[in-house]
$ cat input_34.csv   # CSV, C-alpha atoms
chain,number,residue,atom,x,y,z
A,1,MET,CA,4.9,-22.7,-27.2
A,2,ALA,CA,7.6,-21.2,-29.3
A,3,LYS,CA,7.0,-20.1,-32.8
A,4,VAL,CA,7.2,-22.9,-35.3
A,5,HIS,CA,8.7,-22.1,-38.7
A,6,GLU,CA,7.0,-23.9,-41.5
A,7,ILE,CA,8.7,-24.7,-44.8
A,8,THR,CA,6.9,-26.3,-47.7
A,9,VAL,CA,8.8,-27.9,-50.6
A,10,TRP,CA,6.9,-28.5,-53.9
A,11,THR,CA,8.2,-31.2,-56.1
A,12,ARG,CA,7.0,-33.6,-58.8
A,13,GLY,CA,6.2,-37.3,-58.3
A,14,VAL,CA,8.6,-40.0,-59.2
A,15,ILE,CA,11.1,-37.9,-61.3
A,16,MET,CA,11.9,-35.5,-58.5
A,17,ASP,CA,10.5,-37.2,-55.4
A,18,LYS,CA,13.9,-38.1,-54.1
A,19,GLU,CA,15.2,-34.6,-54.6
A,20,GLY,CA,12.3,-33.1,-52.6
A,21,ARG,CA,12.9,-35.7,-49.9
A,22,ASP,CA,16.6,-34.8,-49.8
A,23,VAL,CA,15.9,-31.1,-49.4
A,24,ILE,CA,13.7,-31.6,-46.4
A,25,ASN,CA,16.1,-34.2,-44.8
A,26,ILE,CA,19.1,-32.0,-45.3
A,27,PHE,CA,17.3,-28.9,-44.0
A,28,ALA,CA,16.1,-30.7,-40.9
A,29,LYS,CA,19.5,-32.3,-40.2
A,30,ALA,CA,21.3,-29.0,-40.6
A,31,ALA,CA,18.9,-27.3,-38.2
A,32,GLN,CA,19.3,-30.1,-35.7
A,33,MET,CA,23.0,-29.5,-35.8
A,34,ASP,CA,22.3,-26.0,-34.7
A,35,GLY,CA,20.4,-27.3,-31.7
A,36,LYS,CA,17.0,-26.6,-33.1
A,37,HIS,CA,14.0,-28.9,-33.0
A,38,ALA,CA,13.0,-30.1,-36.5
A,39,GLN,CA,10.5,-32.3,-38.3
A,40,ALA,CA,10.7,-33.4,-41.9
A,41,PHE,CA,8.0,-35.5,-43.6
A,42,ASP,CA,6.1,-36.0,-46.8
A,43,ASN,CA,2.5,-34.9,-47.4
A,44,TYR,CA,0.1,-37.7,-46.6
A,45,GLU,CA,-2.6,-36.9,-49.2
A,46,ASP,CA,-0.5,-36.3,-52.3
A,47,LEU,CA,0.3,-39.6,-54.1
A,48,PRO,CA,3.9,-39.3,-55.2
A,49,ASP,CA,3.8,-42.6,-57.2
A,50,ARG,CA,2.3,-40.8,-60.2
A,51,VAL,CA,4.9,-39.4,-62.7
A,52,LEU,CA,4.9,-35.6,-62.7
A,53,VAL,CA,2.1,-35.1,-60.2
A,54,THR,CA,2.7,-32.1,-57.8
A,55,THR,CA,3.5,-33.2,-54.3
A,56,ARG,CA,4.5,-31.5,-51.1
A,57,LYS,CA,7.2,-32.1,-48.5
A,58,TYR,CA,7.3,-30.3,-45.2
A,59,VAL,CA,9.8,-29.1,-42.7
A,60,ARG,CA,9.1,-27.5,-39.3
A,61,LEU,CA,11.7,-25.8,-37.2
A,62,SER,CA,11.4,-24.5,-33.6
A,63,ASP,CA,13.6,-23.5,-30.7
A,64,GLU,CA,11.5,-25.6,-28.4
A,65,GLU,CA,10.0,-29.0,-28.7
A,66,ILE,CA,7.3,-29.1,-31.4
A,67,GLU,CA,4.1,-30.2,-29.8
A,68,HIS,CA,1.6,-30.5,-32.6
A,69,LYS,CA,3.1,-33.6,-34.2
A,70,TYR,CA,-0.2,-35.1,-35.3
A,71,VAL,CA,-0.9,-32.2,-37.6
A,72,TYR,CA,0.6,-33.4,-40.9
A,73,THR,CA,0.2,-30.3,-43.1
A,74,ASN,CA,1.9,-26.9,-43.0
A,75,ASP,CA,-1.1,-24.6,-43.2
A,76,GLU,CA,0.8,-21.4,-42.9
A,77,PRO,CA,4.1,-21.8,-44.7
A,78,GLU,CA,6.8,-19.2,-44.1
A,79,VAL,CA,9.1,-20.4,-46.8
A,80,VAL,CA,8.0,-22.1,-50.0
A,81,VAL,CA,10.5,-23.9,-52.2
A,82,ILE,CA,9.7,-24.8,-55.8
A,83,LEU,CA,11.9,-27.6,-57.2
A,84,GLU,CA,10.3,-27.4,-60.6
A,85,ALA,CA,9.4,-24.0,-62.0
A,86,THR,CA,6.3,-25.0,-63.9
A,87,ILE,CA,4.5,-25.7,-60.6
A,88,VAL,CA,4.0,-21.9,-60.1
A,89,LYS,CA,1.6,-22.0,-63.1
A,90,GLY,CA,-0.7,-24.8,-62.0
A,91,ILE,CA,-1.0,-24.5,-58.3
A,92,ASP,CA,-1.7,-21.7,-55.7
A,93,ILE,CA,1.6,-22.2,-54.1
A,94,LEU,CA,1.3,-19.3,-51.6
A,95,ARG,CA,-1.9,-20.6,-50.1
A,96,GLY,CA,-2.0,-19.9,-46.4
A,97,MET,CA,1.1,-17.8,-46.4
A,98,LYS,CA,1.2,-14.7,-44.2
A,99,LYS,CA,2.4,-11.4,-45.6
A,100,GLY,CA,6.2,-11.2,-46.0
A,101,GLY,CA,6.9,-14.8,-46.8
A,102,THR,CA,9.8,-16.2,-48.9
A,103,LEU,CA,9.6,-18.0,-52.2
A,104,ILE,CA,12.6,-19.9,-53.7
A,105,ILE,CA,12.3,-21.3,-57.2
A,106,ASN,CA,14.7,-23.6,-59.1
A,107,THR,CA,14.8,-22.0,-62.5
A,108,ASN,CA,17.1,-20.4,-65.0
A,109,ARG,CA,14.4,-17.8,-66.0
A,110,SER,CA,14.3,-14.3,-64.6
A,111,ILE,CA,12.5,-13.4,-61.4
A,112,ASP,CA,10.1,-11.0,-63.2
A,113,SER,CA,9.0,-13.7,-65.6
A,114,MET,CA,8.3,-15.9,-62.6
A,115,LEU,CA,6.3,-13.2,-60.9
A,116,LYS,CA,3.9,-13.0,-63.9
A,117,PHE,CA,2.6,-16.4,-63.1
A,118,ILE,CA,1.9,-15.7,-59.4
A,119,PRO,CA,-1.3,-13.6,-59.1
A,120,ASN,CA,-1.0,-13.3,-55.3
A,121,ALA,CA,2.6,-12.2,-55.3
A,122,LYS,CA,1.7,-9.4,-52.9
A,123,LEU,CA,2.1,-11.8,-50.0
A,124,LEU,CA,5.8,-12.2,-50.8
A,125,GLY,CA,8.6,-10.4,-48.9
A,126,THR,CA,11.5,-12.1,-50.7
A,127,ILE,CA,11.7,-14.0,-54.0
A,128,ALA,CA,14.8,-15.9,-55.0
A,129,THR,CA,15.8,-18.1,-58.0
A,130,VAL,CA,18.6,-20.6,-58.3
A,131,ASP,CA,19.5,-22.5,-61.4
A,132,ALA,CA,20.1,-25.9,-59.7
A,133,ASP,CA,19.5,-27.9,-62.8
A,134,GLY,CA,22.3,-25.9,-64.5
A,135,ILE,CA,24.6,-26.3,-61.6
A,136,THR,CA,24.4,-30.1,-61.1
A,137,GLY,CA,22.4,-31.4,-64.0
A,138,VAL,CA,21.6,-34.5,-62.0
A,139,ARG,CA,18.2,-35.6,-60.8
A,140,THR,CA,18.5,-38.8,-58.8
A,141,VAL,CA,15.6,-41.2,-59.0
A,142,ASP,CA,15.5,-43.5,-56.1
A,143,PHE,CA,12.7,-45.0,-54.0
A,144,SER,CA,14.7,-46.6,-51.2
A,145,GLY,CA,14.2,-43.6,-48.9
A,146,SER,CA,10.4,-43.4,-49.2
A,147,GLU,CA,8.1,-45.4,-47.0
A,148,GLY,CA,10.5,-45.0,-44.0
A,149,GLY,CA,13.4,-46.9,-45.6
A,150,VAL,CA,17.1,-45.8,-45.6
A,151,ASP,CA,18.5,-43.8,-48.5
A,152,THR,CA,21.2,-45.9,-50.2
A,153,SER,CA,22.3,-43.4,-52.8
A,154,GLY,CA,23.4,-40.7,-50.4
A,155,ILE,CA,21.8,-37.4,-49.5
A,156,GLY,CA,22.1,-34.4,-51.8
A,157,LYS,CA,23.7,-35.8,-54.9
A,158,GLY,CA,21.5,-34.0,-57.3
A,159,ILE,CA,19.7,-30.6,-57.4
A,160,ALA,CA,18.9,-30.8,-53.7
A,161,SER,CA,22.4,-29.5,-52.7
A,162,PRO,CA,22.4,-26.2,-54.6
A,163,VAL,CA,18.8,-25.6,-53.6
A,164,CYS,CA,19.7,-26.1,-49.9
A,165,GLY,CA,22.7,-23.7,-50.3
A,166,ALA,CA,20.2,-21.2,-51.7
A,167,ILE,CA,17.8,-21.7,-48.8
A,168,ALA,CA,20.6,-21.2,-46.3
A,169,LYS,CA,21.5,-17.8,-47.9
A,170,VAL,CA,18.0,-16.5,-48.4
A,171,THR,CA,16.4,-17.5,-45.1
A,172,GLY,CA,19.4,-17.7,-42.8
A,173,MET,CA,17.7,-20.5,-40.8
A,174,ILE,CA,20.5,-23.0,-41.4
A,175,LYS,CA,24.3,-22.6,-41.6
A,176,LYS,CA,26.4,-23.4,-44.7
A,177,GLU,CA,29.0,-25.1,-42.5
A,178,ASN,CA,26.5,-27.6,-41.3
A,179,LEU,CA,25.2,-28.3,-44.8
A,180,ALA,CA,28.8,-29.1,-46.0
A,181,LYS,CA,28.9,-31.9,-43.4
A,182,ILE,CA,25.7,-33.5,-44.7
A,183,VAL,CA,25.5,-33.2,-48.5
A,184,SER,CA,27.4,-35.4,-50.9
A,185,ASP,CA,27.9,-32.6,-53.5
A,186,VAL,CA,29.6,-29.9,-51.5
A,187,SER,CA,30.8,-27.8,-54.5
A,188,GLY,CA,27.2,-27.8,-55.9
A,189,MET,CA,25.9,-26.6,-52.5
A,190,GLU,CA,28.6,-23.8,-52.5
A,191,ARG,CA,27.7,-22.7,-56.0
A,192,GLY,CA,24.0,-22.6,-55.1
A,193,TYR,CA,24.9,-20.4,-52.1
A,194,LYS,CA,26.8,-18.0,-54.3
A,195,GLU,CA,24.7,-18.0,-57.4
A,196,VAL,CA,21.2,-17.5,-55.9
A,197,LYS,CA,19.5,-14.3,-57.1
A,198,ILE,CA,17.5,-12.5,-54.5
A,199,LYS,CA,14.9,-9.8,-54.9
A,200,LYS,CA,13.2,-8.0,-52.1
A,201,LEU,CA,9.6,-7.1,-52.7
A,202,GLY,CA,7.6,-4.4,-50.9
B,1,MET,CA,-11.1,-25.6,-73.6
B,2,ARG,CA,-14.0,-27.8,-74.4
B,3,ILE,CA,-15.7,-29.1,-71.3
B,4,THR,CA,-19.1,-30.6,-71.8
B,5,ASP,CA,-21.5,-31.4,-68.9
B,6,ASN,CA,-21.9,-35.0,-67.9
B,7,ALA,CA,-25.6,-34.5,-67.4
B,8,GLY,CA,-26.1,-33.6,-71.0
B,9,LEU,CA,-25.3,-37.2,-72.1
B,10,LYS,CA,-27.6,-39.0,-69.8
B,11,HIS,CA,-30.7,-39.3,-72.0
B,12,LYS,CA,-29.6,-40.3,-75.4
B,13,LYS,CA,-31.6,-41.9,-78.2
B,14,MET,CA,-31.5,-45.7,-78.2
B,15,ASN,CA,-28.9,-46.9,-80.7
B,16,LYS,CA,-28.8,-50.2,-82.6
B,17,GLU,CA,-27.2,-52.2,-79.8
B,18,ASP,CA,-29.8,-51.1,-77.4
B,19,THR,CA,-32.6,-52.3,-79.6
B,20,MET,CA,-30.8,-55.6,-80.0
B,21,ALA,CA,-30.7,-55.9,-76.2
B,22,LYS,CA,-34.5,-55.8,-76.1
B,23,GLU,CA,-34.6,-59.2,-77.8
B,24,LEU,CA,-32.3,-60.8,-75.2
B,25,PRO,CA,-34.0,-63.2,-72.8
B,26,GLY,CA,-34.7,-61.7,-69.4
B,27,TYR,CA,-34.7,-58.1,-70.8
B,28,GLY,CA,-36.9,-55.9,-68.7
B,29,THR,CA,-37.3,-58.3,-65.8
B,30,ILE,CA,-35.4,-55.9,-63.5
B,31,LYS,CA,-36.8,-52.4,-63.3
B,32,VAL,CA,-34.0,-49.9,-63.5
B,33,PRO,CA,-34.7,-46.2,-62.8
B,34,LYS,CA,-34.3,-44.0,-65.9
B,35,ASP,CA,-31.3,-42.1,-64.6
B,36,ARG,CA,-29.4,-45.3,-63.7
B,37,GLU,CA,-29.8,-46.9,-67.1
B,38,VAL,CA,-26.6,-48.1,-68.8
B,39,PRO,CA,-26.4,-48.7,-72.6
B,40,PHE,CA,-25.9,-52.2,-74.0
B,41,GLY,CA,-22.3,-53.1,-73.6
B,42,ALA,CA,-22.0,-50.7,-70.7
B,43,VAL,CA,-19.9,-48.1,-72.5
B,44,THR,CA,-19.2,-45.2,-70.2
B,45,PRO,CA,-19.3,-41.7,-71.6
B,46,ALA,CA,-15.6,-40.9,-70.7
B,47,PRO,CA,-13.3,-40.1,-72.4
B,48,VAL,CA,-15.6,-38.6,-75.0
B,49,CYS,CA,-16.9,-36.5,-72.3
B,50,THR,CA,-14.3,-34.6,-70.3
B,51,GLN,CA,-14.6,-34.5,-66.5
B,52,ASN,CA,-14.0,-31.3,-64.6
B,53,LEU,CA,-12.9,-33.2,-61.5
B,54,PHE,CA,-9.8,-34.5,-63.0
B,55,GLN,CA,-8.0,-31.5,-64.4
B,56,THR,CA,-4.4,-32.7,-64.7
B,57,SER,CA,-3.0,-29.9,-66.8
B,58,ASN,CA,-0.7,-28.8,-63.9
B,59,TRP,CA,1.3,-32.1,-64.2
B,60,ARG,CA,2.8,-30.8,-67.4
B,61,VAL,CA,6.3,-29.5,-67.7
B,62,VAL,CA,6.4,-29.4,-71.6
B,63,ARG,CA,3.5,-29.3,-74.0
B,64,PRO,CA,3.2,-30.7,-77.6
B,65,VAL,CA,3.0,-28.0,-80.2
B,66,LYS,CA,1.9,-29.1,-83.7
B,67,ASP,CA,3.0,-27.9,-87.0
B,68,ASP,CA,-0.1,-28.1,-89.3
B,69,GLU,CA,2.0,-28.1,-92.5
B,70,LYS,CA,4.0,-31.2,-91.5
B,71,CYS,CA,0.9,-32.9,-90.0
B,72,THR,CA,-0.5,-35.6,-92.4
B,73,ARG,CA,-3.6,-36.4,-90.2
B,74,CYS,CA,-2.4,-40.0,-89.8
B,75,LEU,CA,-4.1,-40.0,-86.4
B,76,ILE,CA,-1.2,-41.8,-84.7
B,77,CYS,CA,-1.2,-39.2,-81.9
B,78,TYR,CA,-4.9,-39.8,-81.5
B,79,LEU,CA,-4.2,-43.6,-81.1
B,80,SER,CA,-1.1,-43.3,-78.9
B,81,CYS,CA,-2.4,-40.7,-76.4
B,82,PRO,CA,-3.3,-42.5,-73.1
B,83,ASP,CA,-5.6,-39.6,-72.1
B,84,ALA,CA,-7.4,-39.0,-75.4
B,85,CYS,CA,-6.0,-35.5,-75.6
B,86,TRP,CA,-5.9,-35.4,-79.4
B,87,ILE,CA,-9.2,-34.9,-81.3
B,88,TYR,CA,-9.7,-35.1,-85.0
B,89,LYS,CA,-12.0,-32.3,-86.2
B,90,GLU,CA,-13.5,-33.5,-89.5
B,91,GLU,CA,-15.1,-30.2,-90.7
B,92,GLU,CA,-11.7,-28.4,-90.5
B,93,ASP,CA,-9.5,-31.4,-91.2
B,94,MET,CA,-7.4,-30.5,-88.2
B,95,MET,CA,-6.1,-32.1,-85.0
B,96,GLU,CA,-7.1,-30.4,-81.8
B,97,TRP,CA,-5.2,-30.6,-78.6
B,98,VAL,CA,-7.1,-30.8,-75.2
B,99,ALA,CA,-5.0,-28.7,-72.8
B,100,GLY,CA,-6.9,-29.5,-69.6
B,101,PHE,CA,-5.9,-33.1,-69.5
B,102,CYS,CA,-2.6,-33.4,-71.3
B,103,LYS,CA,0.1,-34.4,-68.7
B,104,GLY,CA,3.0,-33.8,-71.0
B,105,CYS,CA,4.1,-37.4,-71.3
B,106,GLN,CA,5.5,-36.8,-74.8
B,107,ILE,CA,4.3,-40.1,-76.2
B,108,CYS,CA,2.7,-38.4,-79.1
B,109,ILE,CA,5.9,-36.5,-79.8
B,110,ASN,CA,7.9,-39.7,-79.9
B,111,GLU,CA,5.3,-41.5,-82.0
B,112,CYS,CA,4.7,-38.8,-84.6
B,113,PRO,CA,6.1,-40.2,-87.9
B,114,THR,CA,6.5,-36.8,-89.6
B,115,GLY,CA,7.9,-34.8,-86.7
B,116,ALA,CA,5.0,-32.4,-86.7
B,117,LEU,CA,5.0,-32.3,-82.9
B,118,THR,CA,7.6,-30.6,-80.8
B,119,ALA,CA,8.0,-30.3,-77.0
B,120,GLU,CA,7.9,-26.7,-75.8
B,121,PRO,CA,8.4,-25.6,-72.2
B,122,GLU,CA,5.1,-24.8,-70.5
B,123,LEU,CA,6.5,-21.5,-69.0
B,124,ASP,CA,6.8,-20.1,-72.5
B,125,PHE,CA,3.0,-19.9,-72.7
B,126,LYS,CA,0.8,-17.6,-70.7
B,127,ASP,CA,-2.3,-19.9,-70.3
B,128,GLY,CA,-3.4,-23.4,-71.0
B,129,VAL,CA,-2.9,-24.6,-67.4
B,130,ILE,CA,-5.8,-24.7,-65.0
B,131,ARG,CA,-4.7,-23.3,-61.7
B,132,LEU,CA,-5.8,-25.4,-58.8
B,133,GLU,CA,-5.9,-24.6,-55.1
B,134,LYS,CA,-4.1,-27.8,-54.1
B,135,PRO,CA,-3.1,-31.0,-55.8
B,136,PHE,CA,-6.1,-33.3,-56.0
$ encode --input "input_34.csv" --output "structure tokens"
Amino acid sequence: MAKVHEITVWTRGVIMDKEGRDVINIFAKAAQMDGKHAQAFDNYEDLPDRVLVTTRKYVRLSDEEIEHKYVYTNDEPEVVVILEATIVKGIDILRGMKKGGTLIINTNRSIDSMLKFIPNAKLLGTIATVDADGITGVRTVDFSGSEGGVDTSGIGKGIASPVCGAIAKVTGMIKKENLAKIVSDVSGMERGYKEVKIKKLG
Amino acid sequence: MRITDNAGLKHKKMNKEDTMAKELPGYGTIKVPKDREVPFGAVTPAPVCTQNLFQTSNWRVVRPVKDDEKCTRCLICYLSCPDACWIYKEEEDMMEWVAGFCKGCQICINECPTGALTAEPELDFKDGVIRLEKPF
């Protein structure tokens, strides 16, 4: 079985649930356009119907068909995306990560101030920040896409687009051209791609 | 952080309501084990007693910061908080904030009549949030 790349997206319930769902859906779609096999799904245990509760969303990418479809958690995430920076303080976000992983945070604060809140930052190979809230300033709240429904408000109107642009640049797993075909806010995605700050750690 | 143990509250002295319950018809017909006894009116110890299982401090994006000079101790924050995160300390005549359970809903900030409470981003502070392994 080919290697499965696991990506975990941390978000907050209700207020940013739609944004987190957008990130995983855009990511998986863009990867599928490249001919990769992808899965995108919510965590089953976290209840996202509570305002501000921390919830997880998962993506899996592979060059071959992904066989373990009944395992519904990413136990060893390679890339961790934080859509709301305060989450780094309250949760062990790097749990299960192997050495040399990637962390992407949506914040306007400096990378060093973020690293202070991560006691196990030794695991990281790359850390990046993008100010997605500053770029779009929109957080869409919509429940139509959860529970298997269809998103009526369009994919990537809010902060999901710049975050996806940043993921494309930092990880290189997806292509910017494919993203531009999917997201509603293309200029926001381009700005996220350009304005992401990357720092390599030892 | 004030976390009291649940077990400490189990055997309390009988209060007035409990002695009144003794006069009720049928009192004592069912034998209840000592550790399963419930006081008259069945008042549960929470939220006077904080419970370690439900630490929700990591839900918070902003936290309320109080200005003691503006605060008039009107106790409106105490009444409006859904999670009982404001405690009035009589000896010191001060309001105390419980960090472990405040979810940053900002109801107290909206309700405060003197503007003594302000919302500050949680990342400006070093501590106050209990770091969990995973969301419960």
$ closest_residue --input "input_34.csv" --among "A:Leu179, A:Ile91, A:Leu61, A:Val14" --to "B:Thr56" --atoms "only C-alpha atoms"
A:Ile91
$ closest_residue --input "input_34.csv" --among "A:Val186, A:Leu52, A:Ile24, A:Ala121" --to "chain B" --atoms "all atoms listed in the file"
A:Leu52
$ closest_residue --input "input_34.csv" --among "B:Pro64, B:Leu53, B:Glu111, B:Trp97" --to "B:Leu79" --atoms "only C-alpha atoms"
B:Glu111
$ interface_residues --input "input_34.csv" --of "chain B" --to "chain A" --cutoff "10 Å" --atoms "only C-alpha atoms" --output "PyMOL selection string"
chain B and resi 56-62+103-105+121-136
$ residues_near_point --input "input_34.csv" --point "(-0.9, -27.4, -90.6)" --cutoff "10 Å" --atoms "all atoms listed in the file" --output "list in words"
Lys66, Asp67, Asp68, Glu69, Lys70, Cys71, Thr72, Arg73, Asp93, Met94, Met95 and Ala116 of chain B
$ closest_residue --input "input_34.csv" --among "A:Val196, A:Val79, A:Met16, A:Met97" --to "A:Ser110" --atoms "all atoms listed in the file"
A:Val196
$ axis_aligned_box --input "input_34.csv" --around "stretch 51-54 of chain B" --padding-each-side "6 Å" --output "lines of an AutoDock Vina configuration file"
center_x = -12.2
center_y = -32.9
center_z = -64.0
size_x = 16.8
size_y = 15.2
size_z = 17.0
$ atom_distance --input "input_34.csv" --atom1 "atom CA of A:Tyr58" --atom2 "atom CA of A:Gly134"
24.8 Å
$ atom_distance --input "input_34.csv" --atom1 "atom CA of A:Gly20" --atom2 "atom CA of A:Val80"
12.1 Å
$ closest_residue --input "input_34.csv" --among "A:Lys199, A:Lys36, A:Arg191, A:Arg139" --to "A:Cys164" --atoms "all atoms listed in the file"
A:Arg191
$ atom_distance --input "input_34.csv" --atom1 "atom CA of B:Asp83" --atom2 "atom CA of B:Leu117"
16.8 Å
$ residues_around --input "input_34.csv" --residues "A:Ile167" --least-positions-apart "3" --cutoff "10 Å" --atoms "only C-alpha atoms" --output "ChimeraX atom specification"
/A:23,27,79-81,102-104,128,130,161-164,170-176,192-193,196
$ residues_around --input "input_34.csv" --residues "A:Glu177" --least-positions-apart "6" --cutoff "12 Å" --atoms "all atoms listed in the file" --output "PDB file with C-alpha atoms, keeping the file's coordinate frame"
ATOM      1  CA  ALA A  30      21.300 -29.000 -40.600  1.00  0.00           C
ATOM      2  CA  ALA A  31      18.900 -27.300 -38.200  1.00  0.00           C
ATOM      3  CA  MET A  33      23.000 -29.500 -35.800  1.00  0.00           C
ATOM      4  CA  ASP A  34      22.300 -26.000 -34.700  1.00  0.00           C
ATOM      5  CA  CYS A 164      19.700 -26.100 -49.900  1.00  0.00           C
ATOM      6  CA  GLY A 165      22.700 -23.700 -50.300  1.00  0.00           C
ATOM      7  CA  ALA A 168      20.600 -21.200 -46.300  1.00  0.00           C
ATOM      8  CA  LYS A 169      21.500 -17.800 -47.900  1.00  0.00           C
ATOM      9  CA  VAL A 183      25.500 -33.200 -48.500  1.00  0.00           C
ATOM     10  CA  VAL A 186      29.600 -29.900 -51.500  1.00  0.00           C
ATOM     11  CA  MET A 189      25.900 -26.600 -52.500  1.00  0.00           C
ATOM     12  CA  GLU A 190      28.600 -23.800 -52.500  1.00  0.00           C
ATOM     13  CA  TYR A 193      24.900 -20.400 -52.100  1.00  0.00           C
TER      14      TYR A 193
END
$ closest_residue --input "input_34.csv" --among "B:Met20, B:Thr118, B:Cys85, B:Asp35" --to "B:Cys102" --atoms "all atoms listed in the file"
B:Cys85
$ residues_around --input "input_34.csv" --residues "B:Cys77" --least-positions-apart "5" --cutoff "8 Å" --atoms "only C-alpha atoms" --output "PyMOL selection string"
chain B and resi 86+107-109+111-112
$ residues_near_point --input "input_34.csv" --point "(10.0, -10.8, -56.2)" --cutoff "8 Å" --atoms "all atoms listed in the file" --output "MDAnalysis selection string"
chainID A and resid 111:112 115 121 124:128 198:201
$ residues_around --input "input_34.csv" --residues "A:Ala38" --least-positions-apart "2" --cutoff "10 Å" --atoms "all atoms listed in the file" --output "mmCIF file with C-alpha atoms, in the frame of the given file"
data_model
loop_
_atom_site.group_PDB
_atom_site.id
_atom_site.type_symbol
_atom_site.label_atom_id
_atom_site.label_comp_id
_atom_site.auth_asym_id
_atom_site.auth_seq_id
_atom_site.Cartn_x
_atom_site.Cartn_y
_atom_site.Cartn_z
ATOM 1 C CA VAL A 4 7.200 -22.900 -35.300
ATOM 2 C CA HIS A 5 8.700 -22.100 -38.700
ATOM 3 C CA GLU A 6 7.000 -23.900 -41.500
ATOM 4 C CA ASN A 25 16.100 -34.200 -44.800
ATOM 5 C CA PHE A 27 17.300 -28.900 -44.000
ATOM 6 C CA ALA A 28 16.100 -30.700 -40.900
ATOM 7 C CA LYS A 29 19.500 -32.300 -40.200
ATOM 8 C CA ALA A 30 21.300 -29.000 -40.600
ATOM 9 C CA ALA A 31 18.900 -27.300 -38.200
ATOM 10 C CA GLN A 32 19.300 -30.100 -35.700
ATOM 11 C CA GLY A 35 20.400 -27.300 -31.700
ATOM 12 C CA LYS A 36 17.000 -26.600 -33.100
ATOM 13 C CA ALA A 40 10.700 -33.400 -41.900
ATOM 14 C CA VAL A 59 9.800 -29.100 -42.700
ATOM 15 C CA ARG A 60 9.100 -27.500 -39.300
ATOM 16 C CA LEU A 61 11.700 -25.800 -37.200
ATOM 17 C CA SER A 62 11.400 -24.500 -33.600
ATOM 18 C CA ASP A 63 13.600 -23.500 -30.700
ATOM 19 C CA GLU A 64 11.500 -25.600 -28.400
ATOM 20 C CA GLU A 65 10.000 -29.000 -28.700
ATOM 21 C CA ILE A 66 7.300 -29.100 -31.400
#
$ build_atoms --input "input_34.csv" --residues "stretch 90-104 of chain B" --atoms "N, CA and C atoms" --output "PDB file, keeping the file's coordinate frame"
ATOM      1  N   GLU B  90     -13.326 -33.178 -88.074  1.00  0.00           N
ATOM      2  CA  GLU B  90     -13.500 -33.500 -89.500  1.00  0.00           C
ATOM      3  C   GLU B  90     -13.832 -32.325 -90.347  1.00  0.00           C
ATOM      4  N   GLU B  91     -14.633 -31.384 -89.831  1.00  0.00           N
ATOM      5  CA  GLU B  91     -15.100 -30.200 -90.700  1.00  0.00           C
ATOM      6  C   GLU B  91     -13.848 -29.429 -91.122  1.00  0.00           C
ATOM      7  N   GLU B  92     -12.904 -29.251 -90.205  1.00  0.00           N
ATOM      8  CA  GLU B  92     -11.700 -28.400 -90.500  1.00  0.00           C
ATOM      9  C   GLU B  92     -10.554 -29.217 -90.994  1.00  0.00           C
ATOM     10  N   ASP B  93     -10.630 -30.560 -90.897  1.00  0.00           N
ATOM     11  CA  ASP B  93      -9.500 -31.400 -91.200  1.00  0.00           C
ATOM     12  C   ASP B  93      -8.277 -31.047 -90.386  1.00  0.00           C
ATOM     13  N   MET B  94      -8.481 -30.976 -89.086  1.00  0.00           N
ATOM     14  CA  MET B  94      -7.400 -30.500 -88.200  1.00  0.00           C
ATOM     15  C   MET B  94      -7.382 -31.398 -86.950  1.00  0.00           C
ATOM     16  N   MET B  95      -6.203 -31.480 -86.344  1.00  0.00           N
ATOM     17  CA  MET B  95      -6.100 -32.100 -85.000  1.00  0.00           C
ATOM     18  C   MET B  95      -6.245 -31.031 -83.970  1.00  0.00           C
ATOM     19  N   GLU B  96      -6.993 -31.380 -82.912  1.00  0.00           N
ATOM     20  CA  GLU B  96      -7.100 -30.400 -81.800  1.00  0.00           C
ATOM     21  C   GLU B  96      -6.575 -31.010 -80.538  1.00  0.00           C
ATOM     22  N   TRP B  97      -5.849 -30.181 -79.808  1.00  0.00           N
ATOM     23  CA  TRP B  97      -5.200 -30.600 -78.600  1.00  0.00           C
ATOM     24  C   TRP B  97      -6.043 -30.198 -77.370  1.00  0.00           C
ATOM     25  N   VAL B  98      -6.280 -31.100 -76.436  1.00  0.00           N
ATOM     26  CA  VAL B  98      -7.100 -30.800 -75.200  1.00  0.00           C
ATOM     27  C   VAL B  98      -6.095 -30.411 -74.128  1.00  0.00           C
ATOM     28  N   ALA B  99      -6.067 -29.140 -73.768  1.00  0.00           N
ATOM     29  CA  ALA B  99      -5.000 -28.700 -72.800  1.00  0.00           C
ATOM     30  C   ALA B  99      -5.299 -29.111 -71.399  1.00  0.00           C
ATOM     31  N   GLY B 100      -6.550 -29.259 -71.038  1.00  0.00           N
ATOM     32  CA  GLY B 100      -6.900 -29.500 -69.600  1.00  0.00           C
ATOM     33  C   GLY B 100      -6.454 -30.824 -69.080  1.00  0.00           C
ATOM     34  N   PHE B 101      -6.215 -31.784 -69.955  1.00  0.00           N
ATOM     35  CA  PHE B 101      -5.900 -33.100 -69.500  1.00  0.00           C
ATOM     36  C   PHE B 101      -4.602 -33.688 -69.936  1.00  0.00           C
ATOM     37  N   CYS B 102      -3.898 -32.970 -70.792  1.00  0.00           N
ATOM     38  CA  CYS B 102      -2.600 -33.400 -71.300  1.00  0.00           C
ATOM     39  C   CYS B 102      -1.596 -33.327 -70.104  1.00  0.00           C
ATOM     40  N   LYS B 103      -0.886 -34.424 -69.846  1.00  0.00           N
ATOM     41  CA  LYS B 103       0.100 -34.400 -68.700  1.00  0.00           C
ATOM     42  C   LYS B 103       1.489 -34.257 -69.212  1.00  0.00           C
ATOM     43  N   GLY B 104       1.674 -34.009 -70.495  1.00  0.00           N
ATOM     44  CA  GLY B 104       3.000 -33.800 -71.000  1.00  0.00           C
ATOM     45  C   GLY B 104       3.886 -35.029 -71.006  1.00  0.00           C
TER      46      GLY B 104
END
